[in-house]
Amino acid sequence: MIRLALVLTLLASLCSAQEAEPPMTYERLGNIIFALDPEAQPLGPGFELTVADVTVLVVTDTAADRMRAMVAIGSAADLSPEDLQRMMQANFDSTLDARYAIANGTLWAAFIHPLSRLDKDQLISGLAQTVNIAKTYGTLYTGGAAEFGGGDSHDLQRALIEELLKKGEEI
């Protein structure tokens with residue numbers, strides 16, 4: 001019985017490995033980004049694109065195997081303690097894979113992931129979540145893919161993720 005379970009586990013691993021996407025590279029990342037926004041621009045080790053009328057910067061570091069998608073929200077200078085607390089609460093339960101962050105005096109929405117292990121749908125969802133938390137800063141503070149509670153916001157924010165996933169189907 002244990003031997004059968006071990007064989008089935010091994011077969012499942014082999015099947016999933018055969019179906020796995022190739023590792024994400026700078027070039028593959030660029031192909032996906034240009035499919036999402038044909039007007040995107042290479043920018044140093046990354047790209048600048050527009051998603052739902054929001055400028056998104058994507059930066060890669062292939063030596064460190066990292067990528068970061070970022071949206072500048074505004075100055076961090078005027079954040080109140082209440083703003084900071086609400087962002088930290090949201091980082092825990094509603095921003096999902098994106099996060100609020102502060103760097104160099106700017107408040108950012110950011111999605112950070114190991115580059116080589118990033119798959120297409122994770123990238124697309126991460127971009128949409130980053131845009132969603134930037135757009136909902138000061139109101140819902142949500143990545144939009146899942147929320148605790150009801151209301152109309154979930155369907156409106158989930159629509160952006162679905163739109164980008166649909167664009168990415170042909171890649």
# chains A, B, ... in the order shown; residues from 1 in each chain; ligands from 1

call {"tool": "residues_around", "arguments": {"residues": "region 102-104 of chain A", "least_positions_apart": "4", "cutoff": "12 Å", "atoms": "only C-alpha atoms", "output": "JSON, numbers by chain"}}
result
{"A": [70, 71, 72, 73, 74, 75, 76, 77, 79, 84, 87, 88, 108, 109, 110]}

call {"tool": "write_last_selection", "arguments": {"atoms": "N, CA and C atoms", "output": "compact mmCIF listing (two decimals), in the first residue's frame"}}
result
# COMPACT_ATOMS: atom_id res chain seq x y z
N MET A 70 5.58 47.66 -9.41
CA MET A 70 5.33 48.75 -8.48
C MET A 70 4.46 49.83 -9.11
N VAL A 71 3.61 50.42 -8.27
CA VAL A 71 2.80 51.57 -8.65
C VAL A 71 3.04 52.64 -7.58
N ALA A 72 3.47 53.82 -8.00
CA ALA A 72 3.64 54.93 -7.05
C ALA A 72 2.25 55.47 -6.70
N ILE A 73 1.97 55.53 -5.40
CA ILE A 73 0.66 56.03 -4.95
C ILE A 73 0.75 57.51 -4.59
N GLY A 74 1.83 57.91 -3.93
CA GLY A 74 1.97 59.32 -3.54
C GLY A 74 3.07 59.47 -2.52
N SER A 75 3.13 60.66 -1.96
CA SER A 75 4.15 60.97 -0.95
C SER A 75 3.83 60.25 0.36
N ALA A 76 4.86 59.74 0.99
CA ALA A 76 4.69 59.10 2.29
C ALA A 76 4.74 60.12 3.42
N ALA A 77 5.10 61.34 3.11
CA ALA A 77 5.30 62.36 4.15
C ALA A 77 4.04 62.68 4.94
N LEU A 79 1.44 60.65 5.59
CA LEU A 79 0.70 59.51 6.13
C LEU A 79 0.50 59.66 7.63
N LEU A 84 -1.09 54.36 8.29
CA LEU A 84 -0.09 53.29 8.40
C LEU A 84 -0.70 52.03 9.01
N MET A 87 -2.95 50.32 6.42
CA MET A 87 -2.18 49.62 5.38
C MET A 87 -1.61 48.31 5.92
N MET A 88 -1.14 48.32 7.15
CA MET A 88 -0.59 47.09 7.73
C MET A 88 -1.68 46.04 7.93
N TRP A 108 4.14 53.12 -2.07
CA TRP A 108 4.04 52.24 -3.25
C TRP A 108 3.05 51.12 -3.02
N ALA A 109 2.49 50.64 -4.11
CA ALA A 109 1.86 49.32 -4.16
C ALA A 109 2.89 48.45 -4.85
N ALA A 110 3.16 47.26 -4.31
CA ALA A 110 4.23 46.43 -4.87
C ALA A 110 3.87 44.95 -4.84

call {"tool": "select_by_dssp", "arguments": {"residues": "region 20-122 of chain A", "states": "strand (DSSP E)", "output": "number ranges by chain"}}
result
A: 41-43, 46-51, 54-61, 66-75, 98-103, 106-114

call {"tool": "write_last_selection", "arguments": {"atoms": "N, CA and C atoms", "output": "CSV table (one decimal), in the first residue's frame"}}
result
chain,number,residue,atom,x,y,z
A,41,GLN,N,7.0,49.9,-22.5
A,41,GLN,CA,8.4,50.4,-22.9
A,41,GLN,C,9.4,49.6,-22.0
A,42,PRO,N,10.5,49.1,-22.7
A,42,PRO,CA,11.6,48.6,-21.8
A,42,PRO,C,12.2,49.8,-21.1
A,43,LEU,N,12.6,49.5,-19.8
A,43,LEU,CA,13.1,50.6,-19.0
A,43,LEU,C,14.2,50.0,-18.1
A,46,GLY,N,13.9,46.5,-16.7
A,46,GLY,CA,12.5,46.2,-16.6
A,46,GLY,C,11.7,46.8,-17.6
A,47,PHE,N,10.4,47.2,-17.3
A,47,PHE,CA,9.5,47.7,-18.2
A,47,PHE,C,8.6,48.7,-17.5
A,48,GLU,N,8.0,49.5,-18.3
A,48,GLU,CA,6.9,50.4,-17.9
A,48,GLU,C,5.7,50.1,-18.7
A,49,LEU,N,4.6,49.8,-18.1
A,49,LEU,CA,3.3,49.5,-18.8
A,49,LEU,C,2.2,50.2,-18.1
A,50,THR,N,1.1,50.2,-18.8
A,50,THR,CA,-0.2,50.8,-18.3
A,50,THR,C,-1.2,49.7,-18.2
A,51,VAL,N,-1.8,49.6,-17.0
A,51,VAL,CA,-2.8,48.7,-16.7
A,51,VAL,C,-4.0,49.5,-16.1
A,54,VAL,N,-3.3,53.0,-15.1
A,54,VAL,CA,-2.3,53.2,-14.1
A,54,VAL,C,-0.9,52.7,-14.6
A,55,THR,N,0.1,53.6,-14.4
A,55,THR,CA,1.4,53.3,-14.8
A,55,THR,C,2.0,52.3,-13.8
A,56,VAL,N,2.6,51.2,-14.3
A,56,VAL,CA,3.2,50.1,-13.5
A,56,VAL,C,4.6,50.0,-14.0
A,57,LEU,N,5.6,50.0,-13.0
A,57,LEU,CA,7.0,49.7,-13.3
A,57,LEU,C,7.3,48.3,-12.9
A,58,VAL,N,7.9,47.6,-13.8
A,58,VAL,CA,8.3,46.2,-13.4
A,58,VAL,C,9.8,46.2,-13.6
A,59,VAL,N,10.5,45.8,-12.5
A,59,VAL,CA,11.9,45.7,-12.4
A,59,VAL,C,12.4,44.3,-12.2
A,60,THR,N,13.4,43.9,-12.9
A,60,THR,CA,14.0,42.5,-12.7
A,60,THR,C,15.4,42.6,-12.2
A,61,ASP,N,15.8,41.6,-11.5
A,61,ASP,CA,17.2,41.4,-11.1
A,61,ASP,C,17.4,39.9,-11.4
A,66,ARG,N,14.9,37.9,-8.9
A,66,ARG,CA,13.7,38.6,-8.4
A,66,ARG,C,13.1,39.5,-9.4
A,67,MET,N,11.8,39.7,-9.2
A,67,MET,CA,11.1,40.8,-10.0
A,67,MET,C,10.2,41.5,-9.0
A,68,ARG,N,9.9,42.8,-9.4
A,68,ARG,CA,9.1,43.6,-8.6
A,68,ARG,C,8.3,44.5,-9.5
A,69,ALA,N,6.9,44.4,-9.3
A,69,ALA,CA,6.0,45.3,-10.0
A,69,ALA,C,5.6,46.4,-9.0
A,70,MET,N,5.6,47.7,-9.4
A,70,MET,CA,5.3,48.8,-8.5
A,70,MET,C,4.5,49.8,-9.1
A,71,VAL,N,3.6,50.4,-8.3
A,71,VAL,CA,2.8,51.6,-8.6
A,71,VAL,C,3.0,52.6,-7.6
A,72,ALA,N,3.5,53.8,-8.0
A,72,ALA,CA,3.6,54.9,-7.1
A,72,ALA,C,2.3,55.5,-6.7
A,73,ILE,N,2.0,55.5,-5.4
A,73,ILE,CA,0.7,56.0,-4.9
A,73,ILE,C,0.8,57.5,-4.6
A,74,GLY,N,1.8,57.9,-3.9
A,74,GLY,CA,2.0,59.3,-3.5
A,74,GLY,C,3.1,59.5,-2.5
A,75,SER,N,3.1,60.7,-2.0
A,75,SER,CA,4.1,61.0,-1.0
A,75,SER,C,3.8,60.2,0.4
A,98,ALA,N,0.0,41.4,-3.3
A,98,ALA,CA,0.6,42.7,-3.4
A,98,ALA,C,0.7,43.3,-2.0
A,99,ARG,N,1.5,44.4,-1.9
A,99,ARG,CA,1.7,45.0,-0.5
A,99,ARG,C,1.8,46.5,-0.7
A,100,TYR,N,1.5,47.2,0.4
A,100,TYR,CA,1.8,48.6,0.5
A,100,TYR,C,3.2,48.6,1.1
A,101,ALA,N,4.0,49.6,0.6
A,101,ALA,CA,5.4,49.8,1.0
A,101,ALA,C,5.8,51.2,0.9
A,102,ILE,N,6.8,51.6,1.6
A,102,ILE,CA,7.4,52.9,1.6
A,102,ILE,C,8.8,52.8,1.3
A,103,ALA,N,9.3,53.6,0.3
A,103,ALA,CA,10.7,53.7,-0.1
A,103,ALA,C,11.0,55.1,-0.6
A,106,THR,N,8.2,57.7,-0.9
A,106,THR,CA,7.1,57.4,-1.7
A,106,THR,C,6.3,56.2,-1.1
A,107,LEU,N,5.0,56.3,-1.2
A,107,LEU,CA,4.1,55.2,-0.8
A,107,LEU,C,3.9,54.4,-2.1
A,108,TRP,N,4.1,53.1,-2.1
A,108,TRP,CA,4.0,52.2,-3.3
A,108,TRP,C,3.1,51.1,-3.0
A,109,ALA,N,2.5,50.6,-4.1
A,109,ALA,CA,1.9,49.3,-4.2
A,109,ALA,C,2.9,48.4,-4.9
A,110,ALA,N,3.2,47.3,-4.3
A,110,ALA,CA,4.2,46.4,-4.9
A,110,ALA,C,3.9,44.9,-4.8
A,111,PHE,N,4.3,44.2,-5.9
A,111,PHE,CA,4.2,42.8,-6.0
A,111,PHE,C,5.7,42.3,-6.2
A,112,ILE,N,6.2,41.4,-5.3
A,112,ILE,CA,7.5,41.0,-5.4
A,112,ILE,C,7.5,39.4,-5.4
A,113,HIS,N,8.3,38.9,-6.3
A,113,HIS,CA,8.3,37.4,-6.5
A,113,HIS,C,9.6,36.9,-7.1
A,114,PRO,N,10.0,35.7,-6.7
A,114,PRO,CA,11.2,35.1,-7.4
A,114,PRO,C,10.9,35.1,-8.9

call {"tool": "select_by_dssp", "arguments": {"residues": "region 70-150 of chain A", "states": "alpha helix (DSSP H)", "output": "mmCIF file with N, CA and C atoms, in the first residue's frame"}}
result
data_model
loop_
_atom_site.group_PDB
_atom_site.id
_atom_site.type_symbol
_atom_site.label_atom_id
_atom_site.label_comp_id
_atom_site.auth_asym_id
_atom_site.auth_seq_id
_atom_site.Cartn_x
_atom_site.Cartn_y
_atom_site.Cartn_z
ATOM 1 N N PRO A 81 -0.678 58.097 11.445
ATOM 2 C CA PRO A 81 -0.579 56.782 12.100
ATOM 3 C C PRO A 81 -1.760 55.871 11.742
ATOM 4 N N GLU A 82 -2.929 56.459 11.563
ATOM 5 C CA GLU A 82 -4.114 55.679 11.182
ATOM 6 C C GLU A 82 -3.951 55.095 9.779
ATOM 7 N N ASP A 83 -3.390 55.888 8.845
ATOM 8 C CA ASP A 83 -3.128 55.387 7.490
ATOM 9 C C ASP A 83 -2.174 54.199 7.543
ATOM 10 N N LEU A 84 -1.090 54.359 8.287
ATOM 11 C CA LEU A 84 -0.094 53.295 8.398
ATOM 12 C C LEU A 84 -0.696 52.029 9.006
ATOM 13 N N GLN A 85 -1.503 52.196 10.048
ATOM 14 C CA GLN A 85 -2.125 51.024 10.664
ATOM 15 C C GLN A 85 -3.066 50.339 9.689
ATOM 16 N N ARG A 86 -3.869 51.122 8.956
ATOM 17 C CA ARG A 86 -4.823 50.523 8.018
ATOM 18 C C ARG A 86 -4.090 49.771 6.908
ATOM 19 N N MET A 87 -2.950 50.321 6.416
ATOM 20 C CA MET A 87 -2.183 49.621 5.382
ATOM 21 C C MET A 87 -1.605 48.315 5.917
ATOM 22 N N MET A 88 -1.137 48.320 7.155
ATOM 23 C CA MET A 88 -0.589 47.088 7.727
ATOM 24 C C MET A 88 -1.680 46.044 7.929
ATOM 25 N N GLN A 89 -2.875 46.490 8.328
ATOM 26 C CA GLN A 89 -3.997 45.558 8.442
ATOM 27 C C GLN A 89 -4.322 44.961 7.071
ATOM 28 N N ALA A 90 -4.345 45.812 6.059
ATOM 29 C CA ALA A 90 -4.656 45.350 4.697
ATOM 30 C C ALA A 90 -3.571 44.402 4.195
ATOM 31 N N ASN A 91 -2.300 44.703 4.485
ATOM 32 C CA ASN A 91 -1.221 43.800 4.082
ATOM 33 C C ASN A 91 -1.434 42.409 4.672
ATOM 34 N N PHE A 92 -2.078 42.324 5.816
ATOM 35 C CA PHE A 92 -2.308 41.038 6.463
ATOM 36 C C PHE A 92 -3.485 40.284 5.864
ATOM 37 N N ASP A 93 -4.579 41.005 5.479
ATOM 38 C CA ASP A 93 -5.772 40.254 5.100
ATOM 39 C C ASP A 93 -6.438 40.573 3.773
ATOM 40 N N LYS A 120 2.934 32.698 -15.623
ATOM 41 C CA LYS A 120 2.199 33.737 -16.338
ATOM 42 C C LYS A 120 0.997 34.238 -15.550
ATOM 43 N N ASP A 121 0.172 33.317 -15.058
ATOM 44 C CA ASP A 121 -1.030 33.726 -14.341
ATOM 45 C C ASP A 121 -0.695 34.433 -13.030
ATOM 46 N N GLN A 122 0.382 34.020 -12.344
ATOM 47 C CA GLN A 122 0.811 34.723 -11.124
ATOM 48 C C GLN A 122 1.219 36.154 -11.460
ATOM 49 N N LEU A 123 1.952 36.319 -12.553
ATOM 50 C CA LEU A 123 2.361 37.660 -12.964
ATOM 51 C C LEU A 123 1.148 38.531 -13.249
ATOM 52 N N ILE A 124 0.234 38.009 -14.037
ATOM 53 C CA ILE A 124 -0.944 38.783 -14.421
ATOM 54 C C ILE A 124 -1.781 39.134 -13.197
ATOM 55 N N SER A 125 -1.999 38.160 -12.334
ATOM 56 C CA SER A 125 -2.762 38.415 -11.123
ATOM 57 C C SER A 125 -2.030 39.408 -10.222
ATOM 58 N N GLY A 126 -0.713 39.268 -10.091
ATOM 59 C CA GLY A 126 0.070 40.185 -9.269
ATOM 60 C C GLY A 126 0.019 41.616 -9.786
ATOM 61 N N LEU A 127 0.074 41.777 -11.108
ATOM 62 C CA LEU A 127 -0.039 43.119 -11.689
ATOM 63 C C LEU A 127 -1.407 43.721 -11.375
ATOM 64 N N ALA A 128 -2.458 42.925 -11.562
ATOM 65 C CA ALA A 128 -3.807 43.426 -11.298
ATOM 66 C C ALA A 128 -3.994 43.749 -9.822
ATOM 67 N N GLN A 129 -3.483 42.902 -8.928
ATOM 68 C CA GLN A 129 -3.601 43.175 -7.497
ATOM 69 C C GLN A 129 -2.856 44.455 -7.121
ATOM 70 N N THR A 130 -1.694 44.667 -7.724
ATOM 71 C CA THR A 130 -0.911 45.870 -7.443
ATOM 72 C C THR A 130 -1.674 47.115 -7.867
ATOM 73 N N VAL A 131 -2.252 47.071 -9.052
ATOM 74 C CA VAL A 131 -3.068 48.198 -9.523
ATOM 75 C C VAL A 131 -4.281 48.382 -8.614
ATOM 76 N N ASN A 132 -4.931 47.286 -8.243
ATOM 77 C CA ASN A 132 -6.109 47.382 -7.377
ATOM 78 C C ASN A 132 -5.781 48.005 -6.027
ATOM 79 N N ILE A 133 -4.656 47.609 -5.390
ATOM 80 C CA ILE A 133 -4.391 48.208 -4.076
ATOM 81 C C ILE A 133 -3.997 49.672 -4.206
ATOM 82 N N ALA A 134 -3.395 50.048 -5.328
ATOM 83 C CA ALA A 134 -3.106 51.468 -5.551
ATOM 84 C C ALA A 134 -4.415 52.239 -5.726
ATOM 85 N N LYS A 135 -5.324 51.677 -6.519
ATOM 86 C CA LYS A 135 -6.602 52.359 -6.771
ATOM 87 C C LYS A 135 -7.501 52.409 -5.549
#

call {"tool": "closest_residue", "arguments": {"among": "A:Leu164, A:Glu169, A:Tyr26, A:Gly143", "to": "Gly44 (chain A)", "atoms": "only C-alpha atoms"}}
result
A:Tyr26

call {"tool": "atom_distance", "arguments": {"atom1": "CA of Tyr141 (chain A)", "atom2": "CA of Leu96 (chain A)"}}
result
10.4 Å

call {"tool": "closest_residue", "arguments": {"among": "A:Met24, A:Glu170, A:Pro45, A:Gly144", "to": "Arg158 (chain A)", "atoms": "only C-alpha atoms"}}
result
A:Gly144

call {"tool": "closest_residue", "arguments": {"among": "A:Glu27, A:Ala35, A:Thr139, A:Thr62", "to": "Ser116 (chain A)", "atoms": "only C-alpha atoms"}}
result
A:Thr62

call {"tool": "atom_distance", "arguments": {"atom1": "CA of Phe34 (chain A)", "atom2": "CA of Ile161 (chain A)"}}
result
16.5 Å
